[in-house]
file query-v7.cif (mmCIF, C-alpha atoms)
data_query
loop_
_atom_site.label_atom_id
_atom_site.label_comp_id
_atom_site.auth_asym_id
_atom_site.auth_seq_id
_atom_site.Cartn_x
_atom_site.Cartn_y
_atom_site.Cartn_z
CA MET A 1 -8.01 -120.53 -89.15
CA ASN A 2 -9.29 -117.61 -87.12
CA LEU A 3 -7.61 -117.51 -83.71
CA ASN A 4 -9.41 -114.36 -82.58
CA PRO A 5 -11.14 -115.21 -79.25
CA ALA A 6 -14.26 -113.25 -80.28
CA ALA A 7 -14.58 -115.40 -83.38
CA ARG A 8 -14.49 -118.55 -81.23
CA ARG A 9 -17.25 -117.28 -78.95
CA PRO A 10 -20.03 -119.49 -80.38
CA GLU A 11 -18.00 -122.63 -79.85
CA ALA A 12 -17.23 -121.56 -76.30
CA VAL A 13 -20.88 -120.85 -75.60
CA LEU A 14 -21.81 -124.18 -77.16
CA ALA A 15 -19.29 -126.03 -75.05
CA LEU A 16 -20.48 -124.29 -71.93
CA LEU A 17 -24.10 -125.01 -72.67
CA LEU A 18 -23.42 -128.65 -73.50
CA LEU A 19 -21.47 -129.04 -70.32
CA GLY A 20 -24.12 -127.23 -68.33
CA PHE A 21 -26.92 -129.34 -69.73
CA PHE A 22 -24.95 -132.51 -69.15
CA VAL A 23 -24.15 -131.63 -65.56
CA LEU A 24 -27.78 -130.66 -65.04
CA LEU A 25 -28.94 -133.97 -66.43
CA THR A 26 -26.47 -135.92 -64.34
CA MET A 27 -27.58 -134.17 -61.19
CA GLN A 28 -31.23 -134.73 -61.97
CA VAL A 29 -30.73 -138.39 -62.77
CA ARG A 30 -28.67 -138.94 -59.63
CA ARG A 31 -31.35 -137.29 -57.53
CA GLY A 32 -34.02 -139.21 -59.40
CA GLY A 33 -36.23 -136.16 -59.88
CA GLN A 34 -36.35 -132.63 -61.12
CA SER A 35 -33.45 -130.37 -60.20
CA PHE A 36 -33.87 -126.81 -59.02
CA LEU A 37 -33.17 -125.58 -62.53
CA GLY A 38 -35.61 -128.07 -63.90
CA ASN A 39 -38.21 -126.75 -61.54
CA VAL A 40 -37.32 -123.21 -62.55
CA ALA A 41 -37.70 -124.17 -66.22
CA LEU A 42 -40.99 -125.81 -65.51
CA ALA A 43 -42.15 -122.79 -63.50
CA ALA A 44 -41.10 -120.50 -66.34
CA PHE A 45 -42.90 -122.55 -68.92
CA GLY A 46 -45.75 -123.47 -66.59
CA PRO A 47 -48.23 -120.97 -68.02
CA LEU A 48 -47.28 -122.09 -71.51
CA LEU A 49 -47.73 -125.71 -70.52
CA SER A 50 -51.09 -124.94 -68.94
CA ALA A 51 -52.13 -123.04 -72.00
CA TYR A 52 -50.95 -125.90 -74.15
CA ASP A 53 -52.84 -128.42 -72.05
CA SER A 54 -55.99 -126.31 -72.03
CA ALA A 55 -55.79 -125.61 -75.74
CA SER A 56 -55.05 -129.25 -76.46
CA ARG A 57 -57.91 -130.44 -74.29
CA LEU A 58 -60.31 -127.86 -75.65
CA THR A 59 -59.36 -128.60 -79.22
CA ARG A 60 -59.62 -132.33 -78.67
CA GLU A 61 -62.93 -132.04 -76.87
CA GLY A 62 -64.23 -129.59 -79.44
CA PHE A 63 -63.15 -131.87 -82.23
CA GLN A 64 -64.72 -134.86 -80.52
CA ALA A 65 -67.91 -132.88 -79.90
CA TYR A 66 -67.96 -131.84 -83.53
CA VAL A 67 -67.44 -135.43 -84.67
CA TRP A 68 -70.10 -136.64 -82.27
CA GLN A 69 -72.54 -133.98 -83.42
CA ARG A 70 -71.82 -134.66 -87.07
CA ASP A 71 -72.25 -138.40 -86.50
CA SER A 72 -75.46 -137.74 -84.59
CA ALA A 73 -76.78 -135.53 -87.39
CA LEU A 74 -75.90 -138.16 -89.97
CA GLN A 75 -77.46 -140.87 -87.86
CA ALA A 76 -80.59 -138.77 -87.36
CA GLU A 77 -80.81 -138.21 -91.09
CA ARG A 78 -80.34 -141.92 -91.74
CA LEU A 79 -82.97 -142.78 -89.13
CA ALA A 80 -85.39 -140.26 -90.62
CA SER A 81 -84.83 -141.80 -94.02
CA GLU A 82 -85.33 -145.30 -92.58
CA ASN A 83 -88.42 -144.04 -90.82
CA ARG A 84 -89.87 -142.75 -94.08
CA VAL A 85 -89.17 -146.10 -95.73
CA LEU A 86 -90.75 -147.95 -92.82
CA GLN A 87 -93.80 -145.68 -92.88
CA GLY A 88 -94.19 -146.46 -96.53
CA GLN A 89 -93.84 -150.17 -95.81
CA ILE A 90 -96.39 -149.92 -93.02
CA GLU A 91 -98.85 -148.21 -95.37
CA LEU A 92 -98.19 -150.89 -97.95
CA SER A 93 -98.54 -153.67 -95.39
CA ARG A 94 -101.82 -152.19 -94.17
CA SER A 95 -103.33 -152.40 -97.60
CA LEU A 96 -101.83 -155.87 -98.05
CA GLU A 97 -103.22 -156.93 -94.70
CA LYS A 98 -106.67 -155.75 -95.74
CA GLU A 99 -106.34 -157.63 -98.98
CA VAL A 100 -105.19 -160.79 -97.21
CA LEU A 101 -108.07 -160.57 -94.74
CA SER A 102 -110.49 -159.99 -97.57
CA LEU A 103 -109.10 -162.97 -99.45
CA ARG A 104 -109.26 -165.10 -96.34
CA ASP A 105 -112.89 -164.16 -95.81
CA LEU A 106 -113.53 -164.88 -99.45
CA ILE A 107 -111.91 -168.29 -99.22
CA GLN A 108 -113.65 -169.16 -95.98
CA ALA A 109 -117.09 -168.01 -97.15
CA PRO A 110 -119.50 -170.92 -97.72
CA LYS A 111 -119.90 -171.69 -101.39
CA PRO A 112 -122.66 -173.59 -103.14
CA PRO A 113 -121.60 -177.08 -104.17
CA THR A 114 -122.96 -177.01 -107.69
CA VAL A 115 -120.87 -174.13 -109.00
CA GLU A 116 -117.33 -173.69 -110.21
CA VAL A 117 -115.57 -170.95 -108.29
CA ILE A 118 -113.36 -168.56 -110.29
CA GLY A 119 -111.41 -165.76 -108.67
CA GLY A 120 -111.53 -162.25 -110.05
CA ARG A 121 -110.02 -158.94 -109.15
CA ALA A 122 -112.48 -156.16 -108.41
CA LEU A 123 -111.23 -153.07 -110.20
CA THR A 124 -113.59 -150.20 -109.85
CA GLN A 125 -117.14 -149.24 -109.21
CA TYR A 126 -118.87 -146.89 -111.50
CA GLY A 127 -122.32 -145.77 -112.51
CA ALA A 128 -123.17 -143.82 -109.35
CA PRO A 129 -125.46 -142.12 -108.59
CA PHE A 130 -127.80 -143.77 -111.09
CA SER A 131 -126.57 -147.31 -111.04
CA ARG A 132 -124.07 -149.56 -109.29
CA TYR A 133 -121.67 -151.52 -111.44
CA LEU A 134 -118.40 -153.19 -110.67
CA LEU A 135 -115.64 -154.02 -113.10
CA VAL A 136 -114.04 -157.40 -112.43
CA SER A 137 -110.91 -158.69 -114.09
CA CYS A 138 -110.90 -162.40 -114.68
CA GLU A 139 -108.87 -164.54 -117.06
CA LYS A 140 -110.37 -164.71 -120.50
CA ARG A 141 -110.01 -168.51 -120.77
CA PHE A 142 -112.73 -169.06 -118.17
CA SER A 143 -115.43 -167.70 -120.47
CA ILE A 144 -117.86 -166.37 -117.91
CA PRO A 145 -121.45 -166.44 -119.18
CA GLU A 146 -123.82 -163.56 -118.61
CA GLY A 147 -125.83 -163.86 -115.42
CA THR A 148 -123.07 -165.60 -113.49
CA PRO A 149 -123.48 -164.74 -109.81
CA VAL A 150 -120.63 -162.98 -108.07
CA MET A 151 -119.85 -163.19 -104.39
CA GLY A 152 -117.54 -161.27 -102.10
CA PRO A 153 -116.20 -162.01 -98.61
CA GLY A 154 -119.56 -161.10 -97.04
CA GLY A 155 -121.80 -162.94 -99.44
CA ALA A 156 -123.59 -162.22 -102.72
CA VAL A 157 -122.43 -159.13 -104.59
CA GLY A 158 -124.20 -159.15 -107.93
CA ARG A 159 -124.21 -160.87 -111.30
CA VAL A 160 -122.25 -160.59 -114.51
CA GLN A 161 -124.02 -158.50 -117.09
CA GLY A 162 -121.45 -158.33 -119.87
CA ALA A 163 -117.81 -159.02 -120.69
CA SER A 164 -115.09 -157.59 -122.86
CA GLY A 165 -111.94 -159.65 -122.88
CA GLU A 166 -110.78 -160.05 -119.33
CA LEU A 167 -113.09 -157.37 -118.01
CA HIS A 168 -116.51 -158.32 -116.75
CA LYS A 169 -119.23 -155.88 -115.89
CA VAL A 170 -121.02 -156.91 -112.72
CA ILE A 171 -124.30 -155.31 -111.77
CA LEU A 172 -124.40 -155.07 -107.98
CA LEU A 173 -127.28 -156.14 -105.78
CA THR A 174 -127.61 -152.52 -104.70
CA ASP A 175 -128.28 -151.33 -108.24
CA PRO A 176 -131.93 -150.28 -108.64
CA SER A 177 -132.32 -152.59 -111.63
CA SER A 178 -131.05 -155.59 -109.68
CA ALA A 179 -133.25 -158.12 -107.89
CA ALA A 180 -132.61 -161.39 -106.11
CA GLY A 181 -134.79 -163.87 -104.34
CA VAL A 182 -134.00 -163.88 -100.61
CA VAL A 183 -135.05 -165.76 -97.52
CA CYS A 184 -134.86 -164.80 -93.87
CA ASP A 185 -132.42 -167.16 -92.18
CA ARG A 186 -134.30 -167.11 -88.86
CA SER A 187 -137.95 -167.40 -89.92
CA GLY A 188 -137.71 -168.65 -93.50
CA VAL A 189 -139.80 -165.77 -94.83
CA LYS A 190 -139.14 -165.23 -98.51
CA GLY A 191 -139.06 -162.06 -100.55
CA VAL A 192 -137.28 -160.21 -103.33
CA ALA A 193 -134.34 -157.95 -102.60
CA VAL A 194 -134.29 -154.96 -104.90
CA GLY A 195 -131.40 -152.53 -105.05
CA LYS A 196 -131.86 -149.00 -103.83
CA GLY A 197 -128.43 -147.45 -104.35
CA ASN A 198 -126.53 -148.09 -101.14
CA ASP A 199 -128.88 -150.64 -99.62
CA MET A 200 -131.80 -152.86 -100.63
CA ASP A 201 -135.51 -153.22 -100.08
CA VAL A 202 -137.11 -156.60 -99.48
CA ARG A 203 -140.38 -156.63 -101.26
CA TRP A 204 -143.38 -158.94 -101.28
CA VAL A 205 -143.27 -159.76 -97.58
CA SER A 206 -146.66 -159.52 -95.91
CA ASN A 207 -147.24 -157.60 -92.72
CA GLU A 208 -148.03 -160.85 -90.92
CA SER A 209 -144.60 -162.31 -91.65
CA ASP A 210 -142.08 -162.71 -88.87
CA VAL A 211 -139.22 -160.38 -89.71
CA ARG A 212 -137.31 -158.30 -87.23
CA VAL A 213 -134.53 -155.79 -87.33
CA GLY A 214 -131.22 -157.63 -87.31
CA ASP A 215 -132.48 -160.66 -89.22
CA GLN A 216 -130.07 -162.04 -91.77
CA PHE A 217 -131.23 -162.66 -95.34
CA SER A 218 -129.67 -165.08 -97.80
CA THR A 219 -130.36 -165.98 -101.38
CA SER A 220 -133.25 -168.39 -101.72
CA GLY A 221 -132.13 -169.85 -105.05
CA GLU A 222 -135.60 -169.42 -106.52
CA ASP A 223 -134.66 -166.62 -108.92
CA GLY A 224 -132.68 -168.96 -111.16
CA VAL A 225 -129.60 -166.73 -110.94
CA PHE A 226 -128.13 -166.91 -107.47
CA PRO A 227 -127.59 -170.29 -105.83
CA ALA A 228 -129.26 -170.70 -102.45
CA GLY A 229 -127.44 -169.88 -99.24
CA LEU A 230 -125.41 -166.81 -100.13
CA ARG A 231 -125.59 -164.11 -97.50
CA VAL A 232 -127.29 -160.97 -98.89
CA GLY A 233 -127.74 -158.57 -96.00
CA THR A 234 -129.15 -157.66 -92.59
CA ALA A 235 -132.48 -156.05 -91.94
CA VAL A 236 -131.85 -152.55 -90.58
CA SER A 237 -135.44 -151.35 -90.59
CA VAL A 238 -138.73 -153.25 -90.63
CA GLU A 239 -142.08 -151.45 -90.84
CA ASP A 240 -145.63 -152.51 -91.64
CA GLY A 241 -146.84 -150.97 -94.89
CA GLY A 242 -150.31 -149.70 -95.76
CA ASP A 243 -150.57 -152.11 -98.69
CA TYR A 244 -150.35 -155.18 -96.40
CA LEU A 245 -146.69 -155.55 -97.24
CA LYS A 246 -143.74 -154.85 -94.95
CA LYS A 247 -141.17 -152.23 -95.75
CA ILE A 248 -137.87 -153.95 -95.02
CA THR A 249 -134.51 -152.32 -95.64
CA LEU A 250 -131.45 -154.53 -95.96
CA ALA A 251 -127.89 -153.39 -95.45
CA PRO A 252 -125.70 -155.42 -97.83
CA SER A 253 -123.50 -157.95 -96.09
CA SER A 254 -120.64 -157.23 -98.50
CA GLN A 255 -118.99 -153.86 -98.38
CA MET A 256 -119.58 -153.07 -102.01
CA ASP A 257 -117.24 -150.07 -102.11
CA ARG A 258 -114.31 -151.97 -100.59
CA LEU A 259 -114.20 -155.08 -102.67
CA THR A 260 -110.77 -156.16 -103.86
CA TRP A 261 -111.30 -159.79 -104.77
CA VAL A 262 -114.52 -161.55 -105.73
CA LEU A 263 -115.55 -165.05 -106.75
CA LEU A 264 -117.48 -165.76 -109.88
CA LEU A 265 -119.79 -168.76 -109.42
CA ARG A 266 -120.03 -170.38 -112.81
CA LYS A 267 -122.68 -173.03 -113.01
CA THR A 268 -121.57 -176.54 -113.74
CA GLY A 269 -123.60 -179.21 -115.42
CA GLY A 270 -124.97 -180.45 -112.11
CA MET B 1 -35.05 -106.16 -83.91
CA ALA B 2 -38.81 -105.77 -83.55
CA ARG B 3 -39.19 -106.52 -87.25
CA ARG B 4 -37.71 -109.95 -86.61
CA LEU B 5 -39.35 -110.53 -83.27
CA VAL B 6 -42.90 -110.55 -84.56
CA PRO B 7 -42.31 -113.26 -87.20
CA ILE B 8 -40.40 -115.34 -84.66
CA LEU B 9 -43.22 -115.10 -82.15
CA LEU B 10 -45.65 -115.97 -84.91
CA LEU B 11 -43.63 -119.05 -85.82
CA LEU B 12 -43.47 -120.13 -82.18
CA LEU B 13 -47.21 -119.64 -81.93
CA ILE B 14 -47.74 -121.77 -85.02
CA ALA B 15 -45.42 -124.42 -83.55
CA ALA B 16 -47.41 -124.43 -80.31
CA GLY B 17 -50.62 -124.69 -82.33
CA VAL B 18 -49.29 -127.58 -84.36
CA GLN B 19 -48.10 -129.27 -81.19
CA THR B 20 -51.62 -128.88 -79.84
CA LEU B 21 -53.18 -130.41 -82.92
CA ILE B 22 -50.77 -133.34 -83.27
CA PRO B 23 -52.39 -135.44 -80.50
CA LEU B 24 -55.66 -135.25 -82.43
CA VAL B 25 -54.03 -137.18 -85.24
CA SER B 26 -51.53 -139.39 -83.49
CA GLY B 27 -53.21 -139.78 -80.09
CA SER B 28 -50.92 -139.65 -77.09
CA LEU B 29 -47.88 -140.49 -79.23
CA THR B 30 -46.51 -137.01 -79.99
CA ILE B 31 -43.84 -138.12 -82.39
CA ALA B 32 -43.30 -134.90 -84.36
CA ASP B 33 -41.45 -131.92 -82.91
CA PRO B 34 -42.61 -128.56 -84.30
CA TYR B 35 -40.12 -126.72 -82.06
CA LEU B 36 -37.30 -128.50 -83.82
CA ALA B 37 -38.80 -127.43 -87.14
CA VAL B 38 -38.84 -123.83 -85.87
CA LEU B 39 -35.25 -124.23 -84.71
CA VAL B 40 -34.23 -125.25 -88.24
CA LEU B 41 -35.69 -122.04 -89.67
CA LEU B 42 -34.36 -119.75 -86.96
CA ALA B 43 -30.88 -121.29 -86.82
CA MET B 44 -30.54 -121.07 -90.61
CA ARG B 45 -31.29 -117.37 -90.36
CA SER B 46 -29.36 -116.51 -87.17
CA GLY B 47 -25.90 -117.95 -87.55
CA LYS B 48 -23.97 -120.10 -85.13
CA MET B 49 -24.49 -118.07 -81.97
CA GLY B 50 -28.16 -117.49 -82.68
CA GLY B 51 -28.58 -121.16 -83.48
CA ILE B 52 -27.03 -122.20 -80.19
CA LEU B 53 -29.17 -119.80 -78.15
CA TRP B 54 -32.36 -120.66 -79.98
CA GLY B 55 -31.43 -124.32 -79.54
CA ALA B 56 -30.99 -123.88 -75.81
CA LEU B 57 -34.30 -122.08 -75.48
CA LEU B 58 -36.39 -124.31 -77.73
CA GLY B 59 -34.69 -127.45 -76.38
CA THR B 60 -35.57 -126.42 -72.85
CA VAL B 61 -39.14 -125.81 -73.97
CA SER B 62 -39.23 -129.29 -75.48
CA ASP B 63 -37.76 -130.76 -72.31
CA ALA B 64 -40.25 -128.95 -70.15
CA TYR B 65 -42.99 -130.35 -72.33
CA PHE B 66 -41.98 -133.91 -72.94
CA SER B 67 -38.88 -135.04 -71.00
CA PRO B 68 -38.66 -136.38 -67.49
CA PHE B 69 -35.47 -134.32 -67.01
CA VAL B 70 -34.50 -130.90 -68.34
CA GLY B 71 -31.45 -131.00 -70.57
CA PHE B 72 -31.83 -133.84 -73.05
CA HIS B 73 -33.33 -131.85 -75.86
CA GLY B 74 -31.63 -128.67 -74.65
CA LEU B 75 -28.24 -130.25 -75.23
CA ALA B 76 -29.23 -131.80 -78.54
CA PHE B 77 -30.90 -128.64 -79.83
CA CYS B 78 -27.83 -126.57 -78.94
CA LEU B 79 -25.71 -128.87 -81.04
CA ILE B 80 -28.19 -128.89 -83.91
CA GLY B 81 -28.62 -125.11 -83.71
CA TYR B 82 -24.88 -124.63 -83.94
CA VAL B 83 -24.52 -126.89 -86.99
CA LEU B 84 -27.53 -125.40 -88.74
CA GLY B 85 -26.34 -121.87 -87.92
CA TYR B 86 -23.03 -122.71 -89.51
CA LEU B 87 -24.73 -124.21 -92.56
CA GLY B 88 -27.02 -121.20 -92.83
CA SER B 89 -24.05 -118.85 -92.92
CA GLN B 90 -22.35 -120.92 -95.60
CA LEU B 91 -25.26 -121.84 -97.84
CA LEU B 92 -27.84 -119.82 -99.68
CA VAL B 93 -30.90 -122.01 -99.55
CA GLN B 94 -33.49 -121.08 -102.16
CA ASP B 95 -35.77 -124.10 -102.12
CA VAL B 96 -37.80 -125.63 -99.28
CA LEU B 97 -36.61 -129.17 -99.96
CA PRO B 98 -33.19 -128.61 -98.32
CA ILE B 99 -35.02 -127.19 -95.30
CA ALA B 100 -37.15 -130.33 -95.17
CA PHE B 101 -33.98 -132.41 -95.41
CA PHE B 102 -32.36 -130.42 -92.59
CA GLY B 103 -35.52 -130.91 -90.53
CA TRP B 104 -35.39 -134.65 -91.16
CA CYS B 105 -31.68 -134.82 -90.25
CA ALA B 106 -32.21 -132.62 -87.19
CA TYR B 107 -34.88 -134.97 -85.85
CA ILE B 108 -32.67 -138.00 -86.39
CA VAL B 109 -29.70 -136.30 -84.74
CA ASP B 110 -31.84 -135.10 -81.85
CA SER B 111 -33.18 -138.61 -81.31
CA LEU B 112 -29.71 -140.11 -81.51
CA VAL B 113 -28.23 -137.60 -79.07
CA VAL B 114 -31.11 -138.05 -76.61
CA ALA B 115 -30.91 -141.84 -76.96
CA GLY B 116 -27.14 -141.66 -76.42
CA LEU B 117 -27.61 -139.56 -73.30
CA TYR B 118 -30.21 -142.00 -72.03
CA GLN B 119 -27.76 -144.85 -72.51
CA LEU B 120 -24.95 -142.86 -70.96
CA LEU B 121 -27.00 -142.04 -67.89
CA GLY B 122 -28.31 -145.62 -67.61
CA LEU B 123 -31.91 -144.76 -68.38
CA PRO B 124 -34.12 -147.26 -70.23
CA LEU B 125 -35.23 -146.42 -73.76
CA ALA B 126 -38.81 -146.91 -74.82
CA ALA B 127 -39.39 -149.60 -77.44
CA PRO B 128 -39.99 -149.57 -80.36
CA PHE B 129 -37.56 -146.75 -80.90
CA TRP B 130 -36.82 -146.49 -84.62
CA VAL B 131 -40.31 -146.60 -86.07
CA PRO B 132 -41.56 -143.52 -84.17
CA VAL B 133 -38.25 -141.78 -84.84
CA LEU B 134 -38.47 -142.34 -88.59
CA LEU B 135 -42.12 -141.37 -88.69
CA GLY B 136 -41.52 -138.32 -86.52
CA SER B 137 -38.57 -137.25 -88.68
CA ILE B 138 -40.72 -137.33 -91.82
CA ILE B 139 -43.51 -135.32 -90.18
CA THR B 140 -41.02 -132.85 -88.74
CA ALA B 141 -39.39 -132.47 -92.16
CA GLY B 142 -42.80 -131.69 -93.65
CA LEU B 143 -43.47 -129.21 -90.86
CA ALA B 144 -40.12 -127.52 -91.44
CA ALA B 145 -40.90 -127.13 -95.14
CA LEU B 146 -44.33 -125.75 -94.36
CA LEU B 147 -43.04 -123.32 -91.77
CA GLU B 148 -40.28 -122.24 -94.15
CA LEU B 149 -42.89 -121.32 -96.74
CA ILE B 150 -44.70 -119.28 -94.10
CA ALA B 151 -41.46 -117.75 -92.85
CA ARG B 152 -40.51 -116.58 -96.34
CA ARG B 153 -43.65 -114.52 -96.43
CA ILE B 154 -43.44 -113.01 -92.96
CA PHE B 155 -39.70 -112.55 -92.41
CA PRO B 156 -38.06 -109.34 -93.67
CA LYS B 157 -35.97 -109.81 -96.82
CA ASP B 158 -32.40 -110.93 -96.26
CA PRO B 159 -30.00 -108.16 -97.42
CA ARG B 160 -27.75 -110.88 -98.87
#
call {"tool": "encode", "arguments": {"input": "query-v7.cif", "output": "structure tokens"}}
result
Amino acid sequence: MNLNPAARRPEAVLALLLLGFFVLLTMQVRRGGQSFLGNVALAAFGPLLSAYDSASRLTREGFQAYVWQRDSALQAERLASENRVLQGQIELSRSLEKEVLSLRDLIQAPKPPTVEVIGGRALTQYGAPFSRYLLVSCEKRFSIPEGTPVMGPGGAVGRVQGASGELHKVILLTDPSSAAGVVCDRSGVKGVAVGKGNDMDVRWVSNESDVRVGDQFSTSGEDGVFPAGLRVGTAVSVEDGGDYLKKITLAPSSQMDRLTWVLLLRKTGG
Amino acid sequence: MARRLVPILLLLLIAAGVQTLIPLVSGSLTIADPYLAVLVLLAMRSGKMGGILWGALLGTVSDAYFSPFVGFHGLAFCLIGYVLGYLGSQLLVQDVLPIAFFGWCAYIVDSLVVAGLYQLLGLPLAAPFWVPVLLGSIITAGLAALLELIARRIFPKDPR
């Protein structure tokens, strides 16, 4: 055991410090607040404490700001993605809405009583600029005969000219080789609607007949193809011709280039 | 002297930085004590007298930071610094695991001494007491090991 006083210095310092701290604590607790030395210690470490507080606050706020910004960026990205999906759905719903409206018009359109109505999907138009054909898909089991009239939401569209399996070729009323007997709904004047490409001419109507711009024309049923009463078009121009016959132009009542669903009117026995 | 001062200041700076970051993880409950971890490293390298003095200084810093009265941690750190200084002069520690163990023990001893002083002076202890102490001791042990790894790189080589 080393009895040299210098060798025992650490223990002496320790004892002194322990005693000092204990006395300091006792005094502080008895006073119920900080002692002078405590205040001195706080004053000495004040700048460090302030720096600590500032650094702590800044770090915490910075971290929170970073988290907030990161969350915001992620949320913005998620919202943008959702937005793209919703835009796509809106586009899809627009086309669906059009289709539903078209189908509704088709269902609500007046149909002749003596025909069997068969639904068909309009696929594509072709033949322009020389002719106007429409491809219609319809189940094979229905066996659609040639000449079967076809109607759309606005009225008559054309007639079936040929079939291959489910596909049926429909010659439109606007085709130059197409003709249908028509009658003016207002005055009862009859004529023949002949296709002209995008619209139709009504031929064989005398200059004395009562036809005006805006008159509606429907099928007369006298051509042996189209049943009577199907809307064909509206007169957009009416002029007296030099050959005693009027020059009447009809705008088709069905939008031929926007057909999605059509009805095939197959004749029944009656 | 200056060769040792720079690493010490660097360690204290790291301790202050860690102390700043701890509330981000644990909220207002600052259960780990990086200054105690620094004391473990410094006391192990400074001997008994150095350990006591570093304990007094770092304990006072801890008190100024976290205690209602100055002296609780000062007293406990002095005691811990003395014991660790003695151990440091007797042992040649080559691994960081013993340092982590000393850090863990130091935190437990510090908590016990402070709790004992609280009881002695008739002050109420916060509850729950043991769960934060055990958690804090584990974190402080990890900090001591981490700081020891850093200290081994920045401190000048021991002539022993």
call {"tool": "residues_around", "arguments": {"input": "query-v7.cif", "residues": "Ser62 of chain B", "least_positions_apart": "2", "cutoff": "10 Å", "atoms": "all atoms listed in the file", "output": "number ranges by chain"}}
result
B: 33-36, 56-60, 64-67, 70-74, 77
call {"tool": "write_last_selection", "arguments": {"input": "query-v7.cif", "atoms": "C-alpha atoms", "output": "PDB file, in the frame of the given file"}}
result
ATOM      1  CA  ASP B  33     -41.450-131.920 -82.910  1.00  0.00           C
ATOM      2  CA  PRO B  34     -42.610-128.560 -84.300  1.00  0.00           C
ATOM      3  CA  TYR B  35     -40.120-126.720 -82.060  1.00  0.00           C
ATOM      4  CA  LEU B  36     -37.300-128.500 -83.820  1.00  0.00           C
ATOM      5  CA  ALA B  56     -30.990-123.880 -75.810  1.00  0.00           C
ATOM      6  CA  LEU B  57     -34.300-122.080 -75.480  1.00  0.00           C
ATOM      7  CA  LEU B  58     -36.390-124.310 -77.730  1.00  0.00           C
ATOM      8  CA  GLY B  59     -34.690-127.450 -76.380  1.00  0.00           C
ATOM      9  CA  THR B  60     -35.570-126.420 -72.850  1.00  0.00           C
ATOM     10  CA  ALA B  64     -40.250-128.950 -70.150  1.00  0.00           C
ATOM     11  CA  TYR B  65     -42.990-130.350 -72.330  1.00  0.00           C
ATOM     12  CA  PHE B  66     -41.980-133.910 -72.940  1.00  0.00           C
ATOM     13  CA  SER B  67     -38.880-135.040 -71.000  1.00  0.00           C
ATOM     14  CA  VAL B  70     -34.500-130.900 -68.340  1.00  0.00           C
ATOM     15  CA  GLY B  71     -31.450-131.000 -70.570  1.00  0.00           C
ATOM     16  CA  PHE B  72     -31.830-133.840 -73.050  1.00  0.00           C
ATOM     17  CA  HIS B  73     -33.330-131.850 -75.860  1.00  0.00           C
ATOM     18  CA  GLY B  74     -31.630-128.670 -74.650  1.00  0.00           C
ATOM     19  CA  PHE B  77     -30.900-128.640 -79.830  1.00  0.00           C
TER      20      PHE B  77
END
call {"tool": "resolve_selection", "arguments": {"input": "query-v7.cif", "expression": "the PyMOL selection byres ((chain B) within 9 of (chain A))", "output": "JSON, numbers by chain"}}
result
{"B": [16, 17, 19, 20, 21, 23, 24, 48, 49, 50, 52, 53, 56, 60, 61, 63, 64, 65, 68, 69, 70, 71, 72, 74, 75, 76, 78, 79, 82, 117, 121, 123]}
call {"tool": "atom_distance", "arguments": {"input": "query-v7.cif", "atom1": "atom CA of Val136 of chain A", "atom2": "atom CA of Lys169 of chain A"}}
result
6.4 Å
call {"tool": "resolve_selection", "arguments": {"input": "query-v7.cif", "expression": "the PyMOL selection byres ((chain A and resi 240) around 12)", "output": "PDB file with C-alpha atoms, in the coordinates of the input"}}
result
ATOM      1  CA  ARG A 203    -140.380-156.630-101.260  1.00  0.00           C
ATOM      2  CA  TRP A 204    -143.380-158.940-101.280  1.00  0.00           C
ATOM      3  CA  VAL A 205    -143.270-159.760 -97.580  1.00  0.00           C
ATOM      4  CA  SER A 206    -146.660-159.520 -95.910  1.00  0.00           C
ATOM      5  CA  ASN A 207    -147.240-157.600 -92.720  1.00  0.00           C
ATOM      6  CA  GLU A 208    -148.030-160.850 -90.920  1.00  0.00           C
ATOM      7  CA  SER A 209    -144.600-162.310 -91.650  1.00  0.00           C
ATOM      8  CA  ASP A 210    -142.080-162.710 -88.870  1.00  0.00           C
ATOM      9  CA  VAL A 211    -139.220-160.380 -89.710  1.00  0.00           C
ATOM     10  CA  ARG A 212    -137.310-158.300 -87.230  1.00  0.00           C
ATOM     11  CA  SER A 237    -135.440-151.350 -90.590  1.00  0.00           C
ATOM     12  CA  VAL A 238    -138.730-153.250 -90.630  1.00  0.00           C
ATOM     13  CA  GLU A 239    -142.080-151.450 -90.840  1.00  0.00           C
ATOM     14  CA  GLY A 241    -146.840-150.970 -94.890  1.00  0.00           C
ATOM     15  CA  GLY A 242    -150.310-149.700 -95.760  1.00  0.00           C
ATOM     16  CA  ASP A 243    -150.570-152.110 -98.690  1.00  0.00           C
ATOM     17  CA  TYR A 244    -150.350-155.180 -96.400  1.00  0.00           C
ATOM     18  CA  LEU A 245    -146.690-155.550 -97.240  1.00  0.00           C
ATOM     19  CA  LYS A 246    -143.740-154.850 -94.950  1.00  0.00           C
ATOM     20  CA  LYS A 247    -141.170-152.230 -95.750  1.00  0.00           C
ATOM     21  CA  ILE A 248    -137.870-153.950 -95.020  1.00  0.00           C
ATOM     22  CA  THR A 249    -134.510-152.320 -95.640  1.00  0.00           C
TER      23      THR A 249
END
call {"tool": "closest_residue", "arguments": {"input": "query-v7.cif", "among": "B:Ala151, B:Leu134, B:Ile80, B:Ala37", "to": "Pro7 of chain B", "atoms": "only C-alpha atoms"}}
result
B:Ala151
call {"tool": "residues_near_point", "arguments": {"input": "query-v7.cif", "point": "(-127.9, -155.5, -106.5)", "cutoff": "8 Å", "atoms": "all atoms listed in the file", "output": "ChimeraX atom specification"}}
result
/A:132,157-158,171-180,193-195,200
call {"tool": "resolve_selection", "arguments": {"input": "query-v7.cif", "expression": "the PyMOL selection byres ((chain B and resi 45) around 8)", "output": "PyMOL selection string"}}
result
chain B and resi 41-44+46-47+85+88-89
